[in-house]
$ cat data.cif   # mmCIF, N, CA, C and O atoms
data_input
#
loop_
_atom_site.label_atom_id
_atom_site.label_comp_id
_atom_site.auth_asym_id
_atom_site.auth_seq_id
_atom_site.Cartn_x
_atom_site.Cartn_y
_atom_site.Cartn_z
N MET A 219 114.54 -114.53 -144.35
CA MET A 219 113.32 -114.89 -143.65
C MET A 219 112.11 -114.58 -144.50
O MET A 219 112.13 -113.67 -145.30
N LYS A 220 111.06 -115.36 -144.28
CA LYS A 220 109.82 -115.17 -145.03
C LYS A 220 108.66 -115.11 -144.06
O LYS A 220 108.59 -115.91 -143.12
N LEU A 221 107.75 -114.18 -144.28
CA LEU A 221 106.54 -114.09 -143.46
C LEU A 221 105.46 -114.99 -144.05
O LEU A 221 105.17 -114.91 -145.24
N ASN A 222 104.89 -115.84 -143.22
CA ASN A 222 103.80 -116.73 -143.63
C ASN A 222 102.59 -116.45 -142.74
O ASN A 222 102.49 -116.97 -141.64
N PRO A 223 101.66 -115.60 -143.22
CA PRO A 223 100.51 -115.25 -142.38
C PRO A 223 99.56 -116.43 -142.17
O PRO A 223 99.48 -117.33 -143.00
N LEU A 224 98.88 -116.40 -141.06
CA LEU A 224 97.91 -117.43 -140.70
C LEU A 224 96.50 -116.94 -140.97
O LEU A 224 96.24 -115.74 -141.07
N SER A 225 95.57 -117.86 -141.08
CA SER A 225 94.15 -117.60 -141.21
C SER A 225 93.88 -116.61 -142.35
O SER A 225 94.37 -116.79 -143.45
N ASN A 226 93.12 -115.55 -142.09
CA ASN A 226 92.77 -114.59 -143.13
C ASN A 226 93.65 -113.33 -143.06
O ASN A 226 93.23 -112.25 -143.43
N ARG A 227 94.88 -113.51 -142.63
CA ARG A 227 95.81 -112.38 -142.53
C ARG A 227 96.53 -112.16 -143.86
O ARG A 227 96.77 -113.09 -144.62
N VAL A 228 96.87 -110.89 -144.11
CA VAL A 228 97.56 -110.49 -145.33
C VAL A 228 98.78 -109.67 -144.94
O VAL A 228 98.70 -108.82 -144.04
N VAL A 229 99.91 -109.91 -145.59
CA VAL A 229 101.11 -109.11 -145.39
C VAL A 229 101.19 -108.14 -146.56
O VAL A 229 101.15 -108.56 -147.72
N ILE A 230 101.26 -106.84 -146.25
CA ILE A 230 101.35 -105.83 -147.30
C ILE A 230 102.56 -104.94 -147.06
O ILE A 230 103.08 -104.86 -145.95
N LYS A 231 102.97 -104.28 -148.12
CA LYS A 231 104.05 -103.29 -148.04
C LYS A 231 103.50 -102.02 -148.67
O LYS A 231 103.16 -102.01 -149.86
N PHE A 232 103.40 -100.97 -147.87
CA PHE A 232 102.88 -99.71 -148.39
C PHE A 232 103.86 -99.10 -149.37
O PHE A 232 105.07 -99.20 -149.20
N VAL A 233 103.30 -98.47 -150.43
CA VAL A 233 104.15 -97.78 -151.39
C VAL A 233 104.65 -96.49 -150.75
O VAL A 233 104.06 -95.99 -149.79
N GLU A 234 105.74 -95.96 -151.26
CA GLU A 234 106.32 -94.75 -150.68
C GLU A 234 105.38 -93.57 -150.84
O GLU A 234 104.70 -93.42 -151.85
N ALA A 235 105.36 -92.70 -149.83
CA ALA A 235 104.54 -91.50 -149.86
C ALA A 235 105.18 -90.49 -150.82
O ALA A 235 106.39 -90.49 -151.04
N GLU A 236 104.35 -89.63 -151.37
CA GLU A 236 104.85 -88.59 -152.26
C GLU A 236 105.75 -87.63 -151.49
O GLU A 236 105.41 -87.20 -150.39
N GLU A 237 106.90 -87.32 -152.06
CA GLU A 237 107.83 -86.40 -151.42
C GLU A 237 107.69 -84.98 -151.94
O GLU A 237 108.26 -84.06 -151.37
N LYS A 238 106.97 -84.81 -153.05
CA LYS A 238 106.75 -83.49 -153.63
C LYS A 238 105.28 -83.31 -153.92
O LYS A 238 104.57 -84.26 -154.21
N THR A 239 104.84 -82.06 -153.87
CA THR A 239 103.48 -81.75 -154.29
C THR A 239 103.47 -81.62 -155.80
O THR A 239 104.52 -81.58 -156.44
N SER A 240 102.28 -81.50 -156.38
CA SER A 240 102.19 -81.33 -157.84
C SER A 240 102.83 -80.02 -158.28
O SER A 240 103.26 -79.88 -159.42
N GLY A 241 102.94 -79.05 -157.38
CA GLY A 241 103.58 -77.77 -157.68
C GLY A 241 105.09 -77.79 -157.49
O GLY A 241 105.77 -76.80 -157.72
N GLY A 242 105.64 -78.92 -157.03
CA GLY A 242 107.08 -79.05 -156.89
C GLY A 242 107.62 -78.76 -155.50
O GLY A 242 108.83 -78.75 -155.30
N ILE A 243 106.75 -78.52 -154.53
CA ILE A 243 107.20 -78.25 -153.17
C ILE A 243 107.59 -79.56 -152.50
O ILE A 243 106.83 -80.53 -152.52
N ILE A 244 108.79 -79.60 -151.92
CA ILE A 244 109.26 -80.81 -151.24
C ILE A 244 108.66 -80.85 -149.84
O ILE A 244 108.74 -79.89 -149.09
N LEU A 245 108.08 -82.01 -149.50
CA LEU A 245 107.42 -82.18 -148.20
C LEU A 245 108.37 -82.83 -147.20
O LEU A 245 109.11 -83.74 -147.55
N THR A 246 108.30 -82.40 -145.96
CA THR A 246 109.05 -83.06 -144.90
C THR A 246 108.35 -84.36 -144.55
O THR A 246 107.19 -84.57 -144.91
N ALA A 247 109.02 -85.24 -143.84
CA ALA A 247 108.42 -86.52 -143.46
C ALA A 247 107.16 -86.31 -142.63
O ALA A 247 106.20 -87.06 -142.76
N ALA A 248 107.14 -85.29 -141.78
CA ALA A 248 105.98 -85.03 -140.94
C ALA A 248 104.78 -84.55 -141.77
O ALA A 248 103.64 -84.79 -141.40
N ALA A 249 105.04 -83.89 -142.88
CA ALA A 249 103.96 -83.34 -143.70
C ALA A 249 103.42 -84.34 -144.71
O ALA A 249 102.37 -84.14 -145.28
N GLN A 250 104.14 -85.42 -144.93
CA GLN A 250 103.71 -86.41 -145.91
C GLN A 250 102.53 -87.21 -145.37
O GLN A 250 102.53 -87.60 -144.21
N GLU A 251 101.59 -87.44 -146.23
CA GLU A 251 100.42 -88.24 -145.83
C GLU A 251 100.78 -89.72 -145.87
O GLU A 251 101.48 -90.18 -146.76
N LYS A 252 100.30 -90.45 -144.88
CA LYS A 252 100.55 -91.89 -144.85
C LYS A 252 99.85 -92.53 -146.04
O LYS A 252 98.68 -92.28 -146.29
N PRO A 253 100.57 -93.34 -146.82
CA PRO A 253 99.96 -93.93 -148.01
C PRO A 253 98.90 -94.96 -147.67
O PRO A 253 98.93 -95.57 -146.62
N GLN A 254 97.95 -95.13 -148.59
CA GLN A 254 96.92 -96.15 -148.42
C GLN A 254 97.09 -97.27 -149.44
O GLN A 254 96.55 -98.34 -149.25
N ILE A 255 97.83 -97.01 -150.52
CA ILE A 255 98.02 -98.04 -151.53
C ILE A 255 99.21 -98.90 -151.14
O ILE A 255 100.27 -98.40 -150.78
N ALA A 256 99.01 -100.21 -151.20
CA ALA A 256 100.04 -101.15 -150.80
C ALA A 256 100.07 -102.33 -151.77
O ALA A 256 99.12 -102.54 -152.53
N GLU A 257 101.17 -103.06 -151.72
CA GLU A 257 101.29 -104.28 -152.52
C GLU A 257 101.17 -105.48 -151.59
O GLU A 257 101.77 -105.50 -150.52
N VAL A 258 100.40 -106.48 -152.01
CA VAL A 258 100.24 -107.70 -151.23
C VAL A 258 101.50 -108.54 -151.40
O VAL A 258 101.90 -108.87 -152.51
N VAL A 259 102.13 -108.88 -150.27
CA VAL A 259 103.39 -109.63 -150.28
C VAL A 259 103.13 -111.12 -149.98
O VAL A 259 103.77 -111.98 -150.57
N ALA A 260 102.19 -111.40 -149.09
CA ALA A 260 101.87 -112.79 -148.73
C ALA A 260 100.44 -112.84 -148.20
O ALA A 260 99.93 -111.85 -147.66
N ILE A 261 99.81 -114.00 -148.36
CA ILE A 261 98.45 -114.18 -147.85
C ILE A 261 98.36 -115.50 -147.09
O ILE A 261 99.12 -116.43 -147.37
N GLY A 262 97.44 -115.54 -146.13
CA GLY A 262 97.19 -116.78 -145.41
C GLY A 262 96.26 -117.68 -146.21
O GLY A 262 95.80 -117.30 -147.29
N PRO A 263 95.95 -118.85 -145.68
CA PRO A 263 95.11 -119.80 -146.42
C PRO A 263 93.64 -119.41 -146.48
O PRO A 263 92.91 -119.87 -147.33
N GLY A 264 93.18 -118.57 -145.59
CA GLY A 264 91.78 -118.18 -145.53
C GLY A 264 91.22 -118.45 -144.15
O GLY A 264 91.88 -119.03 -143.29
N LYS A 265 89.99 -118.04 -143.93
CA LYS A 265 89.35 -118.19 -142.63
C LYS A 265 88.39 -119.36 -142.65
O LYS A 265 87.68 -119.57 -143.63
N VAL A 266 88.36 -120.11 -141.58
CA VAL A 266 87.42 -121.22 -141.44
C VAL A 266 86.16 -120.67 -140.78
O VAL A 266 86.21 -120.08 -139.70
N ASN A 267 85.01 -120.85 -141.45
CA ASN A 267 83.77 -120.33 -140.88
C ASN A 267 83.18 -121.29 -139.84
O ASN A 267 83.78 -122.31 -139.53
N GLU A 268 82.00 -120.97 -139.33
CA GLU A 268 81.37 -121.75 -138.26
C GLU A 268 81.07 -123.20 -138.69
O GLU A 268 81.00 -124.10 -137.87
N ASN A 269 80.87 -123.42 -139.98
CA ASN A 269 80.56 -124.76 -140.50
C ASN A 269 81.81 -125.60 -140.72
O ASN A 269 81.72 -126.76 -141.13
N GLY A 270 82.98 -125.00 -140.50
CA GLY A 270 84.23 -125.72 -140.73
C GLY A 270 84.72 -125.64 -142.17
O GLY A 270 85.67 -126.31 -142.54
N THR A 271 84.08 -124.80 -142.98
CA THR A 271 84.47 -124.63 -144.38
C THR A 271 85.51 -123.53 -144.50
O THR A 271 85.36 -122.47 -143.90
N LEU A 272 86.53 -123.78 -145.29
CA LEU A 272 87.57 -122.78 -145.52
C LEU A 272 87.09 -121.77 -146.55
O LEU A 272 86.73 -122.13 -147.67
N CYS A 273 87.04 -120.50 -146.16
CA CYS A 273 86.67 -119.41 -147.07
C CYS A 273 87.96 -118.89 -147.70
O CYS A 273 88.81 -118.34 -146.99
N PRO A 274 88.14 -119.04 -149.01
CA PRO A 274 89.39 -118.64 -149.64
C PRO A 274 89.58 -117.13 -149.63
O PRO A 274 88.62 -116.36 -149.52
N MET A 275 90.83 -116.71 -149.76
CA MET A 275 91.16 -115.29 -149.79
C MET A 275 90.75 -114.70 -151.14
O MET A 275 90.77 -115.39 -152.16
N THR A 276 90.39 -113.42 -151.14
CA THR A 276 89.99 -112.77 -152.39
C THR A 276 91.12 -111.95 -153.00
O THR A 276 91.04 -111.59 -154.16
N VAL A 277 92.17 -111.66 -152.23
CA VAL A 277 93.32 -110.94 -152.79
C VAL A 277 94.41 -111.94 -153.13
O VAL A 277 94.43 -113.05 -152.60
N LYS A 278 95.30 -111.52 -154.02
CA LYS A 278 96.39 -112.38 -154.45
C LYS A 278 97.73 -111.67 -154.26
O LYS A 278 97.78 -110.44 -154.26
N VAL A 279 98.78 -112.43 -154.12
CA VAL A 279 100.12 -111.87 -153.98
C VAL A 279 100.45 -111.07 -155.24
O VAL A 279 100.17 -111.50 -156.35
N GLY A 280 101.01 -109.87 -155.04
CA GLY A 280 101.38 -109.01 -156.15
C GLY A 280 100.34 -107.96 -156.48
O GLY A 280 100.64 -107.00 -157.19
N GLN A 281 99.10 -108.12 -155.99
CA GLN A 281 98.05 -107.14 -156.26
C GLN A 281 98.31 -105.85 -155.51
O GLN A 281 98.85 -105.85 -154.41
N LYS A 282 97.89 -104.74 -156.09
CA LYS A 282 97.90 -103.45 -155.41
C LYS A 282 96.52 -103.30 -154.77
O LYS A 282 95.49 -103.58 -155.39
N VAL A 283 96.52 -102.86 -153.51
CA VAL A 283 95.28 -102.73 -152.77
C VAL A 283 95.24 -101.41 -152.03
O VAL A 283 96.26 -100.76 -151.82
N ILE A 284 94.04 -101.02 -151.64
CA ILE A 284 93.86 -99.86 -150.76
C ILE A 284 93.47 -100.42 -149.40
O ILE A 284 92.48 -101.15 -149.27
N ALA A 285 94.28 -100.09 -148.40
CA ALA A 285 94.08 -100.61 -147.05
C ALA A 285 93.83 -99.46 -146.09
O ALA A 285 94.19 -98.31 -146.36
N SER A 286 93.26 -99.78 -144.98
CA SER A 286 93.04 -98.81 -143.92
C SER A 286 94.39 -98.22 -143.49
O SER A 286 95.38 -98.95 -143.35
N LYS A 287 94.45 -96.91 -143.31
CA LYS A 287 95.72 -96.24 -143.01
C LYS A 287 96.40 -96.75 -141.75
O LYS A 287 97.61 -96.88 -141.71
N TYR A 288 95.64 -96.98 -140.72
CA TYR A 288 96.25 -97.28 -139.43
C TYR A 288 95.91 -98.68 -138.92
O TYR A 288 96.06 -98.96 -137.74
N ALA A 289 95.48 -99.55 -139.80
CA ALA A 289 95.13 -100.92 -139.39
C ALA A 289 96.36 -101.81 -139.37
O ALA A 289 97.38 -101.50 -139.96
N GLY A 290 96.24 -102.92 -138.69
CA GLY A 290 97.27 -103.93 -138.72
C GLY A 290 98.42 -103.70 -137.76
O GLY A 290 98.42 -102.77 -136.96
N THR A 291 99.40 -104.57 -137.88
CA THR A 291 100.59 -104.53 -137.04
C THR A 291 101.80 -104.33 -137.92
O THR A 291 102.01 -105.09 -138.87
N ALA A 292 102.59 -103.31 -137.61
CA ALA A 292 103.81 -103.04 -138.38
C ALA A 292 104.92 -103.98 -137.92
O ALA A 292 105.11 -104.19 -136.73
N VAL A 293 105.62 -104.56 -138.89
CA VAL A 293 106.71 -105.50 -138.62
C VAL A 293 107.88 -105.11 -139.51
O VAL A 293 107.70 -104.85 -140.71
N LYS A 294 109.08 -105.07 -138.94
CA LYS A 294 110.27 -104.78 -139.73
C LYS A 294 111.07 -106.07 -139.84
O LYS A 294 111.42 -106.67 -138.84
N LEU A 295 111.35 -106.49 -141.08
CA LEU A 295 112.06 -107.73 -141.33
C LEU A 295 113.11 -107.47 -142.40
O LEU A 295 112.78 -107.00 -143.49
N ASP A 296 114.36 -107.76 -142.08
CA ASP A 296 115.47 -107.53 -143.01
C ASP A 296 115.51 -106.09 -143.51
O ASP A 296 115.80 -105.83 -144.68
N GLY A 297 115.18 -105.14 -142.65
CA GLY A 297 115.23 -103.73 -142.99
C GLY A 297 114.04 -103.21 -143.78
O GLY A 297 114.01 -102.06 -144.16
N VAL A 298 113.06 -104.05 -144.04
CA VAL A 298 111.88 -103.65 -144.80
C VAL A 298 110.67 -103.67 -143.86
O VAL A 298 110.50 -104.61 -143.10
N GLU A 299 109.85 -102.61 -143.94
CA GLU A 299 108.68 -102.53 -143.06
C GLU A 299 107.45 -103.08 -143.77
O GLU A 299 107.11 -102.66 -144.87
N TYR A 300 106.80 -104.03 -143.12
CA TYR A 300 105.57 -104.66 -143.62
C TYR A 300 104.46 -104.39 -142.62
O TYR A 300 104.71 -104.06 -141.47
N THR A 301 103.24 -104.60 -143.07
CA THR A 301 102.07 -104.52 -142.20
C THR A 301 101.29 -105.82 -142.35
O THR A 301 101.05 -106.27 -143.47
N ILE A 302 100.93 -106.41 -141.22
CA ILE A 302 100.10 -107.62 -141.22
C ILE A 302 98.72 -107.22 -140.74
O ILE A 302 98.57 -106.63 -139.67
N LEU A 303 97.70 -107.52 -141.54
CA LEU A 303 96.35 -107.13 -141.19
C LEU A 303 95.35 -108.16 -141.69
O LEU A 303 95.66 -108.95 -142.59
N PRO A 304 94.14 -108.17 -141.11
CA PRO A 304 93.11 -109.08 -141.60
C PRO A 304 92.63 -108.62 -142.99
O PRO A 304 92.67 -107.42 -143.30
N GLU A 305 92.21 -109.55 -143.79
CA GLU A 305 91.74 -109.21 -145.13
C GLU A 305 90.58 -108.21 -145.09
O GLU A 305 90.41 -107.40 -146.00
N ASP A 306 89.81 -108.19 -144.02
CA ASP A 306 88.69 -107.26 -143.88
C ASP A 306 89.13 -105.80 -143.86
O ASP A 306 88.32 -104.91 -144.11
N ASP A 307 90.39 -105.53 -143.54
CA ASP A 307 90.90 -104.16 -143.51
C ASP A 307 91.41 -103.69 -144.86
O ASP A 307 91.96 -102.60 -144.99
N ILE A 308 91.22 -104.52 -145.88
CA ILE A 308 91.53 -104.13 -147.26
C ILE A 308 90.22 -103.76 -147.91
O ILE A 308 89.27 -104.54 -147.92
N TYR A 309 90.16 -102.53 -148.48
CA TYR A 309 88.91 -102.01 -148.98
C TYR A 309 88.69 -102.23 -150.48
O TYR A 309 87.57 -102.34 -150.94
N ALA A 310 89.79 -102.26 -151.25
CA ALA A 310 89.65 -102.38 -152.71
C ALA A 310 90.96 -102.82 -153.33
O ALA A 310 92.01 -102.71 -152.71
N THR A 311 90.87 -103.31 -154.56
CA THR A 311 92.07 -103.60 -155.34
C THR A 311 92.25 -102.46 -156.34
O THR A 311 91.28 -101.79 -156.72
N VAL A 312 93.49 -102.25 -156.77
CA VAL A 312 93.80 -101.18 -157.71
C VAL A 312 94.35 -101.83 -158.98
O VAL A 312 95.28 -102.61 -158.93
N ASP A 313 93.75 -101.49 -160.13
CA ASP A 313 94.22 -102.03 -161.42
C ASP A 313 95.18 -101.07 -162.08
O ASP A 313 95.14 -99.91 -161.93
#
$ encode --input "data.cif" --output "structure tokens"
Amino acid sequence: MKLNPLSNRVVIKFVEAEEKTSGGIILTAAAQEKPQIAEVVAIGPGKVNENGTLCPMTVKVGQKVIASKYAGTAVKLDGVEYTILPEDDIYATVD
């Protein structure tokens, strides 16, 4: 199955949270911070503004981005967890 987002929606997959601290202490799942860096998996065509013009997306598939920690809708597909969110909930790209 493939996710095909509509409008200005973006499908992202968060990178795994750190399991160890820099000092080597192993963190439990409850102590791990929810990651903010994610990879863009799919993008919609863009949003149509009031004039009927399509505003293209600014992110691209494969880019690493920083997204809001708790934004979007979590979806599990084929055992992989994705998040679908509006492009506005993406704050920056990571090079």
$ resolve_selection --input "data.cif" --expression "the PyMOL selection byres ((chain A and resi 281) around 5)" --output "PyMOL selection string"
chain A and resi 256-258+278-280+282-283
$ residues_near_point --input "data.cif" --point "(103.1, -117.9, -142.3)" --cutoff "9 Å" --atoms "only C-alpha atoms" --output "ChimeraX atom specification"
/A:220-224,260-262
$ residues_near_point --input "data.cif" --point "(101.0, -100.5, -146.4)" --cutoff "12 Å" --atoms "only C-alpha atoms" --output "PyMOL selection string"
chain A and resi 228-235+252-259+282-293+298-303+307-308
$ residues_around --input "data.cif" --residues "Met275 of chain A" --least-positions-apart "6" --cutoff "8 Å" --atoms "only N, CA, C and O atoms" --output "list in words"
Ser225, Asn226, Arg227, Ile261, Gly262, Pro263, Gly264, Lys265 and Glu305 of chain A
$ atom_distance --input "data.cif" --atom1 "atom N of Asn267 of chain A" --atom2 "atom C of Pro304 of chain A"
14.5 Å
$ atom_distance --input "data.cif" --atom1 "atom CA of Met219 of chain A" --atom2 "atom CA of Thr276 of chain A"
25.0 Å
$ atom_distance --input "data.cif" --atom1 "atom C of Cys273 of chain A" --atom2 "atom O of Asp313 of chain A"
24.8 Å
$ decode --input "data.cif" --residues "segment 265-302 of chain A" --atoms "N, CA and C atoms" --output "compact mmCIF listing (two decimals), in the first residue's frame"
# COMPACT_ATOMS: atom_id res chain seq x y z
N LYS A 265 -1.75 23.40 -1.96
CA LYS A 265 -3.02 23.98 -1.54
C LYS A 265 -3.50 24.98 -2.58
N VAL A 266 -4.79 24.97 -2.84
CA VAL A 266 -5.39 25.94 -3.76
C VAL A 266 -5.82 27.15 -2.93
N ASN A 267 -5.31 28.33 -3.32
CA ASN A 267 -5.66 29.53 -2.56
C ASN A 267 -7.01 30.10 -2.99
N GLU A 268 -7.39 31.25 -2.44
CA GLU A 268 -8.70 31.84 -2.71
C GLU A 268 -8.91 32.20 -4.18
N ASN A 269 -7.82 32.47 -4.90
CA ASN A 269 -7.89 32.84 -6.32
C ASN A 269 -7.98 31.62 -7.23
N GLY A 270 -7.91 30.43 -6.65
CA GLY A 270 -7.95 29.22 -7.45
C GLY A 270 -6.59 28.79 -7.98
N THR A 271 -5.53 29.44 -7.50
CA THR A 271 -4.17 29.12 -7.92
C THR A 271 -3.58 28.06 -7.01
N LEU A 272 -2.92 27.08 -7.60
CA LEU A 272 -2.28 26.03 -6.82
C LEU A 272 -0.94 26.53 -6.29
N CYS A 273 -0.79 26.52 -4.96
CA CYS A 273 0.47 26.90 -4.32
C CYS A 273 1.29 25.63 -4.15
N PRO A 274 2.43 25.51 -4.82
CA PRO A 274 3.22 24.28 -4.76
C PRO A 274 3.82 24.05 -3.38
N MET A 275 4.15 22.80 -3.11
CA MET A 275 4.76 22.43 -1.83
C MET A 275 6.22 22.89 -1.81
N THR A 276 6.71 23.21 -0.63
CA THR A 276 8.11 23.65 -0.51
C THR A 276 9.03 22.53 -0.06
N VAL A 277 8.48 21.44 0.47
CA VAL A 277 9.31 20.30 0.86
C VAL A 277 9.26 19.25 -0.25
N LYS A 278 10.27 18.39 -0.25
CA LYS A 278 10.35 17.35 -1.27
C LYS A 278 10.51 15.99 -0.59
N VAL A 279 10.11 14.95 -1.29
CA VAL A 279 10.25 13.59 -0.78
C VAL A 279 11.73 13.30 -0.56
N GLY A 280 12.04 12.70 0.59
CA GLY A 280 13.42 12.36 0.92
C GLY A 280 14.11 13.38 1.79
N GLN A 281 13.56 14.60 1.90
CA GLN A 281 14.17 15.63 2.73
C GLN A 281 14.01 15.30 4.20
N LYS A 282 14.97 15.71 5.01
CA LYS A 282 14.87 15.64 6.46
C LYS A 282 14.30 16.98 6.92
N VAL A 283 13.32 16.90 7.82
CA VAL A 283 12.65 18.11 8.29
C VAL A 283 12.50 18.08 9.80
N ILE A 284 12.26 19.25 10.36
CA ILE A 284 11.92 19.36 11.78
C ILE A 284 10.44 19.69 11.84
N ALA A 285 9.68 18.82 12.50
CA ALA A 285 8.23 18.98 12.57
C ALA A 285 7.80 19.15 14.02
N SER A 286 6.64 19.68 14.20
CA SER A 286 6.05 19.82 15.52
C SER A 286 5.95 18.43 16.17
N LYS A 287 6.30 18.33 17.44
CA LYS A 287 6.34 17.03 18.12
C LYS A 287 5.00 16.30 18.13
N TYR A 288 3.94 17.02 18.36
CA TYR A 288 2.66 16.36 18.58
C TYR A 288 1.62 16.72 17.51
N ALA A 289 2.06 17.21 16.38
CA ALA A 289 1.13 17.58 15.30
C ALA A 289 0.79 16.38 14.44
N GLY A 290 -0.28 16.49 13.71
CA GLY A 290 -0.62 15.49 12.72
C GLY A 290 -1.37 14.29 13.27
N THR A 291 -1.58 13.35 12.38
CA THR A 291 -2.30 12.12 12.70
C THR A 291 -1.37 10.94 12.47
N ALA A 292 -1.22 10.11 13.50
CA ALA A 292 -0.37 8.92 13.38
C ALA A 292 -1.13 7.82 12.66
N VAL A 293 -0.45 7.18 11.70
CA VAL A 293 -1.04 6.11 10.91
C VAL A 293 -0.04 4.97 10.85
N LYS A 294 -0.50 3.75 11.07
CA LYS A 294 0.37 2.58 10.96
C LYS A 294 -0.02 1.82 9.70
N LEU A 295 0.96 1.62 8.81
CA LEU A 295 0.71 0.95 7.54
C LEU A 295 1.83 -0.05 7.30
N ASP A 296 1.46 -1.30 7.11
CA ASP A 296 2.44 -2.38 6.90
C ASP A 296 3.48 -2.44 8.02
N GLY A 297 3.06 -2.17 9.25
CA GLY A 297 3.94 -2.25 10.40
C GLY A 297 4.83 -1.04 10.61
N VAL A 298 4.71 -0.02 9.78
CA VAL A 298 5.52 1.19 9.90
C VAL A 298 4.62 2.35 10.31
N GLU A 299 5.08 3.14 11.28
CA GLU A 299 4.28 4.26 11.76
C GLU A 299 4.66 5.55 11.03
N TYR A 300 3.66 6.19 10.45
CA TYR A 300 3.83 7.45 9.73
C TYR A 300 2.99 8.51 10.42
N THR A 301 3.29 9.76 10.11
CA THR A 301 2.48 10.88 10.58
C THR A 301 2.07 11.70 9.37
N ILE A 302 0.79 12.03 9.29
CA ILE A 302 0.28 12.89 8.21
C ILE A 302 -0.04 14.23 8.84
